[in-house]
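Next comes structure_7.json, with JSON, C-alpha atoms.
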```json
[["chain", "number", "residue", "atom", "x", "y", "z"],
["A", 1, "MET", "CA", -36.77, 112.63, 55.76],
["A", 2, "ALA", "CA", -35.84, 114.20, 52.40],
["A", 3, "THR", "CA", -37.74, 113.11, 49.29],
["A", 4, "ARG", "CA", -34.88, 110.99, 47.92],
["A", 5, "ASP", "CA", -34.21, 109.26, 51.24],
["A", 6, "ARG", "CA", -35.62, 105.76, 51.54],
["A", 7, "ARG", "CA", -36.35, 103.35, 54.32],
["A", 8, "VAL", "CA", -35.37, 99.78, 53.59],
["A", 9, "ARG", "CA", -35.51, 96.65, 55.70],
["A", 10, "ALA", "CA", -32.13, 94.89, 55.59],
["A", 11, "ILE", "CA", -30.25, 92.03, 57.21],
["A", 12, "TYR", "CA", -26.89, 92.78, 58.81],
["A", 13, "THR", "CA", -24.58, 90.32, 57.02],
["A", 14, "ASP", "CA", -20.91, 90.90, 57.82],
["A", 15, "VAL", "CA", -18.21, 92.95, 59.49],
["A", 16, "LYS", "CA", -14.54, 93.38, 58.64],
["A", 17, "ALA", "CA", -11.91, 95.46, 60.40],
["A", 18, "PHE", "CA", -9.99, 97.97, 58.27],
["A", 19, "GLU", "CA", -7.00, 100.21, 58.76],
["A", 20, "ASN", "CA", -5.63, 102.80, 56.36],
["A", 21, "ALA", "CA", -3.40, 105.87, 56.61],
["A", 22, "ASP", "CA", -6.20, 108.19, 57.75],
["A", 23, "ALA", "CA", -8.41, 106.07, 60.01],
["A", 24, "PHE", "CA", -9.34, 102.64, 61.26],
["A", 25, "GLY", "CA", -12.59, 100.91, 62.17],
["A", 26, "VAL", "CA", -14.98, 98.30, 60.79],
["A", 27, "LEU", "CA", -16.70, 97.91, 57.43],
["A", 28, "LEU", "CA", -20.35, 96.91, 57.86],
["A", 29, "GLY", "CA", -22.35, 94.97, 55.26],
["A", 30, "PHE", "CA", -26.14, 94.80, 54.84],
["A", 31, "ARG", "CA", -28.43, 92.91, 52.43],
["A", 32, "PRO", "CA", -31.73, 94.62, 51.53],
["A", 33, "GLU", "CA", -34.71, 92.27, 51.90],
["A", 34, "THR", "CA", -36.83, 93.79, 49.15],
["A", 35, "ALA", "CA", -36.37, 92.76, 45.53],
["A", 36, "ARG", "CA", -37.36, 96.27, 44.39],
["A", 37, "PHE", "CA", -34.17, 97.77, 45.80],
["A", 38, "ASP", "CA", -31.59, 98.40, 43.04],
["A", 39, "THR", "CA", -28.58, 96.84, 44.79],
["A", 40, "ASP", "CA", -28.03, 93.58, 46.60],
["A", 41, "ARG", "CA", -25.52, 95.02, 49.11],
["A", 42, "ILE", "CA", -25.16, 98.19, 51.16],
["A", 43, "GLU", "CA", -21.89, 98.96, 52.91],
["A", 44, "CYS", "CA", -20.77, 101.61, 55.34],
["A", 45, "GLU", "CA", -17.75, 102.29, 57.50],
["A", 46, "ALA", "CA", -17.86, 102.75, 61.24],
["A", 47, "GLN", "CA", -14.67, 104.62, 62.11],
["A", 48, "LEU", "CA", -13.18, 103.90, 65.52],
["A", 49, "GLY", "CA", -10.32, 106.35, 65.44],
["A", 50, "PRO", "CA", -8.04, 108.12, 65.54],
["A", 51, "GLY", "CA", -9.21, 110.14, 68.51],
["A", 52, "ASN", "CA", -12.53, 111.78, 69.31],
["A", 53, "CYS", "CA", -13.36, 113.28, 65.91],
["A", 54, "VAL", "CA", -16.84, 113.57, 64.38],
["A", 55, "GLU", "CA", -16.36, 110.49, 62.17],
["A", 56, "THR", "CA", -15.34, 108.41, 65.21],
["A", 57, "VAL", "CA", -18.41, 109.49, 67.17],
["A", 58, "GLU", "CA", -20.63, 108.60, 64.17],
["A", 59, "GLY", "CA", -18.92, 105.20, 63.89],
["A", 60, "ILE", "CA", -19.43, 104.47, 67.59],
["A", 61, "GLY", "CA", -23.09, 105.41, 67.17],
["A", 62, "ARG", "CA", -23.52, 102.98, 64.26],
["A", 63, "VAL", "CA", -21.94, 100.16, 66.25],
["A", 64, "ALA", "CA", -24.12, 100.90, 69.29],
["A", 65, "ARG", "CA", -27.34, 100.98, 67.23],
["A", 66, "ILE", "CA", -26.58, 97.61, 65.62],
["A", 67, "LEU", "CA", -25.81, 96.05, 69.00],
["A", 68, "ARG", "CA", -29.01, 97.48, 70.52],
["A", 69, "ALA", "CA", -31.07, 96.18, 67.59],
["A", 70, "ALA", "CA", -29.52, 92.74, 68.14],
["A", 71, "ARG", "CA", -30.29, 93.07, 71.86],
["A", 72, "LEU", "CA", -26.63, 92.77, 72.83],
["A", 73, "ALA", "CA", -25.18, 94.69, 75.76],
["A", 74, "THR", "CA", -23.22, 97.86, 75.11],
["A", 75, "PRO", "CA", -20.64, 99.30, 77.51],
["A", 76, "SER", "CA", -21.62, 102.19, 79.76],
["A", 77, "ASP", "CA", -18.93, 104.27, 78.05],
["A", 78, "PRO", "CA", -18.84, 103.43, 74.30],
["A", 79, "THR", "CA", -15.70, 105.54, 73.85],
["A", 80, "GLU", "CA", -13.89, 102.44, 75.16],
["A", 81, "TRP", "CA", -14.24, 101.14, 71.57],
["A", 82, "ILE", "CA", -11.90, 103.79, 70.16],
["A", 83, "GLY", "CA", -8.92, 101.99, 68.64],
["A", 84, "ARG", "CA", -10.18, 98.50, 69.52],
["A", 85, "THR", "CA", -11.23, 97.30, 66.05],
["A", 86, "ALA", "CA", -10.63, 93.60, 66.71],
["A", 87, "ASP", "CA", -12.83, 93.63, 69.84],
["A", 88, "VAL", "CA", -15.60, 95.55, 68.06],
["A", 89, "GLU", "CA", -15.39, 93.22, 65.06],
["A", 90, "ALA", "CA", -15.83, 90.18, 67.34],
["A", 91, "LEU", "CA", -18.74, 91.82, 69.18],
["A", 92, "LEU", "CA", -20.49, 92.81, 65.95],
["A", 93, "GLY", "CA", -19.96, 89.29, 64.61],
["A", 94, "ARG", "CA", -22.47, 88.14, 67.23],
["A", 95, "ALA", "CA", -25.11, 90.45, 65.71],
["A", 96, "ILE", "CA", -24.90, 89.02, 62.17],
["A", 97, "GLY", "CA", -28.35, 88.06, 60.92],
["A", 98, "THR", "CA", -30.15, 90.88, 62.74],
["A", 99, "ALA", "CA", -33.04, 92.49, 60.83],
["A", 100, "LEU", "CA", -32.68, 96.27, 60.68],
["A", 101, "GLN", "CA", -34.54, 99.27, 59.29],
["A", 102, "LEU", "CA", -32.10, 101.50, 57.40],
["A", 103, "GLU", "CA", -32.72, 105.02, 56.20],
["A", 104, "VAL", "CA", -30.54, 105.50, 53.13],
["A", 105, "ARG", "CA", -29.80, 108.27, 50.67],
["A", 106, "PRO", "CA", -28.54, 107.56, 47.14],
["A", 107, "ARG", "CA", -25.19, 109.21, 46.43],
["A", 108, "THR", "CA", -23.22, 109.63, 43.21],
["A", 109, "ARG", "CA", -19.71, 110.81, 42.51],
["A", 110, "LEU", "CA", -18.08, 111.33, 39.12],
["A", 111, "ARG", "CA", -14.49, 110.42, 38.31],
["A", 112, "PHE", "CA", -12.52, 111.35, 35.19],
["A", 113, "THR", "CA", -9.64, 109.10, 34.13],
["A", 114, "ALA", "CA", -7.18, 109.96, 31.36],
["A", 115, "TRP", "CA", -4.65, 107.50, 29.99],
["A", 116, "LEU", "CA", -1.67, 109.55, 28.82],
["A", 117, "GLU", "CA", 1.60, 108.58, 27.17],
["A", 118, "ASP", "CA", 3.44, 109.26, 30.42],
["A", 119, "GLY", "CA", 0.94, 107.71, 32.87],
["A", 120, "ILE", "CA", -2.62, 107.80, 34.15],
["A", 121, "GLN", "CA", -4.33, 110.89, 35.55],
["A", 122, "VAL", "CA", -7.37, 110.36, 37.82],
["A", 123, "ILE", "CA", -9.54, 113.29, 38.91],
["A", 124, "ASP", "CA", -12.13, 112.63, 41.63],
["A", 125, "ASP", "CA", -15.09, 114.77, 42.73],
["A", 126, "VAL", "CA", -15.87, 115.92, 39.20],
["A", 127, "ALA", "CA", -18.77, 118.32, 38.64],
["A", 128, "GLU", "CA", -18.56, 118.58, 34.85],
["A", 129, "VAL", "CA", -16.39, 117.50, 31.91],
["A", 130, "THR", "CA", -16.37, 119.70, 28.80],
["A", 131, "GLU", "CA", -14.64, 118.78, 25.55],
["A", 132, "THR", "CA", -12.71, 121.68, 24.04],
["A", 133, "PRO", "CA", -10.44, 121.91, 20.98],
["A", 134, "GLU", "CA", -7.41, 121.80, 23.31],
["A", 135, "GLY", "CA", -8.59, 118.76, 25.29],
["A", 136, "PHE", "CA", -10.93, 118.15, 28.20],
["A", 137, "SER", "CA", -11.78, 120.77, 30.80],
["A", 138, "VAL", "CA", -12.62, 119.01, 34.06],
["A", 139, "ARG", "CA", -14.45, 121.17, 36.59],
["A", 140, "ARG", "CA", -14.23, 119.80, 40.12],
["A", 141, "ARG", "CA", -16.76, 120.12, 42.93],
["A", 142, "SER", "CA", -16.22, 122.48, 45.85],
["A", 143, "GLY", "CA", -15.19, 125.36, 43.58],
["A", 144, "ARG", "CA", -11.64, 124.19, 42.97],
["A", 145, "PHE", "CA", -9.91, 125.30, 39.78],
["A", 146, "PRO", "CA", -10.70, 123.27, 36.64],
["A", 147, "VAL", "CA", -8.09, 120.88, 35.26],
["A", 148, "LEU", "CA", -7.24, 120.90, 31.56],
["A", 149, "VAL", "CA", -6.25, 117.51, 30.16],
["A", 150, "ALA", "CA", -4.54, 118.22, 26.84],
["A", 151, "ARG", "CA", -5.30, 116.15, 23.74],
["A", 152, "LYS", "CA", -1.59, 115.86, 23.00],
["A", 153, "GLY", "CA", -0.42, 112.58, 24.49],
["A", 154, "LEU", "CA", -3.95, 111.47, 25.39],
["A", 155, "ALA", "CA", -4.57, 107.83, 24.45],
["A", 156, "ARG", "CA", -7.98, 107.34, 26.07],
["A", 157, "GLN", "CA", -10.34, 108.99, 28.53],
["A", 158, "GLN", "CA", -13.27, 107.80, 30.62],
["A", 159, "THR", "CA", -15.83, 109.49, 32.85],
["A", 160, "GLU", "CA", -17.44, 107.11, 35.31],
["A", 161, "SER", "CA", -20.24, 107.42, 37.81],
["A", 162, "ILE", "CA", -19.75, 105.79, 41.20],
["A", 163, "ARG", "CA", -23.04, 105.09, 43.02],
["A", 164, "TRP", "CA", -23.61, 104.03, 46.62],
["A", 165, "TYR", "CA", -26.08, 104.47, 49.44],
["A", 166, "GLU", "CA", -25.23, 106.59, 52.47],
["A", 167, "ILE", "CA", -26.76, 105.17, 55.64],
["A", 168, "LEU", "CA", -28.44, 107.96, 57.59],
["A", 169, "SER", "CA", -29.92, 105.92, 60.41],
["A", 170, "ILE", "CA", -30.01, 102.36, 61.73],
["A", 171, "GLU", "CA", -32.95, 101.06, 63.79],
["A", 172, "ARG", "CA", -34.38, 97.75, 64.89],
["A", 173, "ALA", "CA", -36.73, 96.41, 62.20],
["A", 174, "PRO", "CA", -40.44, 96.61, 63.10]]
```

Take the structure in this file and express it as structure tokens.
Amino acid sequence: MATRDRRVRAIYTDVKAFENADAFGVLLGFRPETARFDTDRIECEAQLGPGNCVETVEGIGRVARILRAARLATPSDPTEWIGRTADVEALLGRAIGTALQLEVRPRTRLRFTAWLEDGIQVIDDVAEVTETPEGFSVRRRSGRFPVLVARKGLARQQTESIRWYEILSIERAP
């Protein structure tokens, strides 16, 4: 366990099926039991498709660990859950209220938003924003080229920090 990773006891509170252009699955909600934790809700997605990709296998693993912690039966072949979000949502609904031990890692992502005369420009995965005489130089993560947002036509700008907890493991609470 890395130094920033934390173990927190939490209650599994809700499940909701989702579907977007890239994937589908269930959104899982947890409530930390300790008052010293800095958020009152932790969420994570359990992808159930499309196909047998890494994210789908991780999602199936999350679903199986919650069901095992709730002492509910899992199928002999969990890949049967791929694409069956409504069935998985109903099954996970039976596990609501289960006490779990989560291992979480704090995550942060920066976003730069510029309101321009001709629209709004949003830049995600920002590494650094530098103000220059010409405007704002926005350096993105992953080594992509920086974006220059010119002062001309700029009405307002905002850099925001988006914080969440990534769930690394789910176990039955001791």

List as a ChimeraX atom specification the protein and nucleic acid residues near Asp125 of chain A, meaning an atom at most 7 Å away when all atoms listed in the file are counted, but skip any in the same chain fewer than 3 places from it. /A:109-111,140-141

Write out as a tab-separated table the residues of segment 11-128 of chain A that have any atom within 10 Å of an atom of segment 143-149 of chain A, one row each with the nearest atom pair and its distance in Å to one decimal, counting only C-alpha atoms, sorted by chain and then rising number.
```
residue	atom	partner	partner_atom	distance
A:Thr113	CA	A:Val149	CA	9.9
A:Ala114	CA	A:Val149	CA	7.7
A:Leu116	CA	A:Val149	CA	9.3
A:Gln121	CA	A:Val149	CA	8.8
A:Ile123	CA	A:Val147	CA	8.5
A:Val126	CA	A:Pro146	CA	9.3
A:Ala127	CA	A:Gly143	CA	9.3
A:Glu128	CA	A:Pro146	CA	9.3
```

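Taking atom CA of Gly25 of chain A and atom CA of Tyr12 of chain A as endpoints, the distance between them is 16.8 Å.
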
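In this comparison, which uses only C-alpha atoms, the residue of A:Phe136, A:Phe37, A:Phe30, A:Phe112 approaching Leu100 of chain A most closely is A:Phe30.
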
Applying 8 Å and all atoms listed in the file, which residues near Ile170 of chain A remain after dropping the ones on its own chain fewer than 2 positions away? List them as a PyMOL selection string. chain A and resi 62+65-66+100-103+167-168+172

Student task, segment 6-34 of chain A output with N, CA and C atoms as a PDB file, in the first residue's frame:
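The result, written out as result21.pdb:
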```pdb
ATOM      1  N   ARG A   6      -5.260   4.926   1.591  1.00  0.00           N
ATOM      2  CA  ARG A   6      -5.888   4.818   2.900  1.00  0.00           C
ATOM      3  C   ARG A   6      -6.886   3.672   2.908  1.00  0.00           C
ATOM      4  N   ARG A   7      -7.039   3.088   4.073  1.00  0.00           N
ATOM      5  CA  ARG A   7      -8.102   2.105   4.272  1.00  0.00           C
ATOM      6  C   ARG A   7      -9.212   2.804   5.035  1.00  0.00           C
ATOM      7  N   VAL A   8     -10.430   2.617   4.580  1.00  0.00           N
ATOM      8  CA  VAL A   8     -11.568   3.256   5.232  1.00  0.00           C
ATOM      9  C   VAL A   8     -12.731   2.265   5.265  1.00  0.00           C
ATOM     10  N   ARG A   9     -13.371   2.211   6.396  1.00  0.00           N
ATOM     11  CA  ARG A   9     -14.573   1.383   6.525  1.00  0.00           C
ATOM     12  C   ARG A   9     -15.734   2.206   5.969  1.00  0.00           C
ATOM     13  N   ALA A  10     -16.539   1.581   5.110  1.00  0.00           N
ATOM     14  CA  ALA A  10     -17.638   2.295   4.459  1.00  0.00           C
ATOM     15  C   ALA A  10     -18.844   1.381   4.322  1.00  0.00           C
ATOM     16  N   ILE A  11     -19.996   2.002   4.180  1.00  0.00           N
ATOM     17  CA  ILE A  11     -21.248   1.289   3.943  1.00  0.00           C
ATOM     18  C   ILE A  11     -21.605   1.448   2.467  1.00  0.00           C
ATOM     19  N   TYR A  12     -21.922   0.342   1.830  1.00  0.00           N
ATOM     20  CA  TYR A  12     -22.369   0.356   0.441  1.00  0.00           C
ATOM     21  C   TYR A  12     -23.792   0.901   0.444  1.00  0.00           C
ATOM     22  N   THR A  13     -24.024   2.038  -0.260  1.00  0.00           N
ATOM     23  CA  THR A  13     -25.303   2.736  -0.126  1.00  0.00           C
ATOM     24  C   THR A  13     -26.225   2.672  -1.335  1.00  0.00           C
ATOM     25  N   ASP A  14     -25.682   2.637  -2.548  1.00  0.00           N
ATOM     26  CA  ASP A  14     -26.584   2.667  -3.703  1.00  0.00           C
ATOM     27  C   ASP A  14     -25.895   2.198  -4.976  1.00  0.00           C
ATOM     28  N   VAL A  15     -26.738   1.889  -5.954  1.00  0.00           N
ATOM     29  CA  VAL A  15     -26.276   1.447  -7.265  1.00  0.00           C
ATOM     30  C   VAL A  15     -27.214   2.031  -8.306  1.00  0.00           C
ATOM     31  N   LYS A  16     -26.632   2.456  -9.427  1.00  0.00           N
ATOM     32  CA  LYS A  16     -27.439   3.002 -10.523  1.00  0.00           C
ATOM     33  C   LYS A  16     -26.788   2.608 -11.841  1.00  0.00           C
ATOM     34  N   ALA A  17     -27.587   2.062 -12.741  1.00  0.00           N
ATOM     35  CA  ALA A  17     -27.082   1.678 -14.056  1.00  0.00           C
ATOM     36  C   ALA A  17     -26.787   2.934 -14.873  1.00  0.00           C
ATOM     37  N   PHE A  18     -25.747   2.870 -15.708  1.00  0.00           N
ATOM     38  CA  PHE A  18     -25.428   3.983 -16.598  1.00  0.00           C
ATOM     39  C   PHE A  18     -25.096   3.440 -17.981  1.00  0.00           C
ATOM     40  N   GLU A  19     -25.265   4.308 -18.953  1.00  0.00           N
ATOM     41  CA  GLU A  19     -24.901   3.971 -20.326  1.00  0.00           C
ATOM     42  C   GLU A  19     -24.502   5.261 -21.021  1.00  0.00           C
ATOM     43  N   ASN A  20     -23.309   5.266 -21.615  1.00  0.00           N
ATOM     44  CA  ASN A  20     -22.881   6.416 -22.396  1.00  0.00           C
ATOM     45  C   ASN A  20     -22.292   5.911 -23.714  1.00  0.00           C
ATOM     46  N   ALA A  21     -21.730   6.795 -24.488  1.00  0.00           N
ATOM     47  CA  ALA A  21     -21.248   6.428 -25.826  1.00  0.00           C
ATOM     48  C   ALA A  21     -20.112   5.415 -25.790  1.00  0.00           C
ATOM     49  N   ASP A  22     -19.290   5.445 -24.729  1.00  0.00           N
ATOM     50  CA  ASP A  22     -18.113   4.581 -24.671  1.00  0.00           C
ATOM     51  C   ASP A  22     -18.334   3.262 -23.945  1.00  0.00           C
ATOM     52  N   ALA A  23     -19.189   3.267 -22.936  1.00  0.00           N
ATOM     53  CA  ALA A  23     -19.315   2.074 -22.088  1.00  0.00           C
ATOM     54  C   ALA A  23     -20.656   2.075 -21.367  1.00  0.00           C
ATOM     55  N   PHE A  24     -20.911   0.979 -20.672  1.00  0.00           N
ATOM     56  CA  PHE A  24     -22.091   0.884 -19.833  1.00  0.00           C
ATOM     57  C   PHE A  24     -21.747   0.031 -18.627  1.00  0.00           C
ATOM     58  N   GLY A  25     -22.526   0.184 -17.564  1.00  0.00           N
ATOM     59  CA  GLY A  25     -22.269  -0.548 -16.328  1.00  0.00           C
ATOM     60  C   GLY A  25     -23.105   0.001 -15.200  1.00  0.00           C
ATOM     61  N   VAL A  26     -22.549  -0.014 -13.978  1.00  0.00           N
ATOM     62  CA  VAL A  26     -23.260   0.482 -12.808  1.00  0.00           C
ATOM     63  C   VAL A  26     -22.367   1.455 -12.049  1.00  0.00           C
ATOM     64  N   LEU A  27     -22.984   2.477 -11.471  1.00  0.00           N
ATOM     65  CA  LEU A  27     -22.299   3.441 -10.626  1.00  0.00           C
ATOM     66  C   LEU A  27     -22.562   3.028  -9.181  1.00  0.00           C
ATOM     67  N   LEU A  28     -21.483   2.827  -8.424  1.00  0.00           N
ATOM     68  CA  LEU A  28     -21.583   2.341  -7.051  1.00  0.00           C
ATOM     69  C   LEU A  28     -21.335   3.486  -6.081  1.00  0.00           C
ATOM     70  N   GLY A  29     -22.123   3.558  -5.006  1.00  0.00           N
ATOM     71  CA  GLY A  29     -21.970   4.605  -4.005  1.00  0.00           C
ATOM     72  C   GLY A  29     -21.661   4.025  -2.638  1.00  0.00           C
ATOM     73  N   PHE A  30     -20.750   4.690  -1.910  1.00  0.00           N
ATOM     74  CA  PHE A  30     -20.329   4.252  -0.580  1.00  0.00           C
ATOM     75  C   PHE A  30     -20.321   5.454   0.358  1.00  0.00           C
ATOM     76  N   ARG A  31     -20.627   5.229   1.643  1.00  0.00           N
ATOM     77  CA  ARG A  31     -20.571   6.268   2.662  1.00  0.00           C
ATOM     78  C   ARG A  31     -19.526   5.888   3.695  1.00  0.00           C
ATOM     79  N   PRO A  32     -18.445   6.660   3.817  1.00  0.00           N
ATOM     80  CA  PRO A  32     -17.432   6.362   4.837  1.00  0.00           C
ATOM     81  C   PRO A  32     -18.041   6.460   6.239  1.00  0.00           C
ATOM     82  N   GLU A  33     -17.641   5.556   7.135  1.00  0.00           N
ATOM     83  CA  GLU A  33     -18.191   5.550   8.483  1.00  0.00           C
ATOM     84  C   GLU A  33     -17.450   6.477   9.429  1.00  0.00           C
ATOM     85  N   THR A  34     -16.241   6.855   9.112  1.00  0.00           N
ATOM     86  CA  THR A  34     -15.463   7.697  10.006  1.00  0.00           C
ATOM     87  C   THR A  34     -15.706   9.175   9.729  1.00  0.00           C
TER      88      THR A  34
END
```
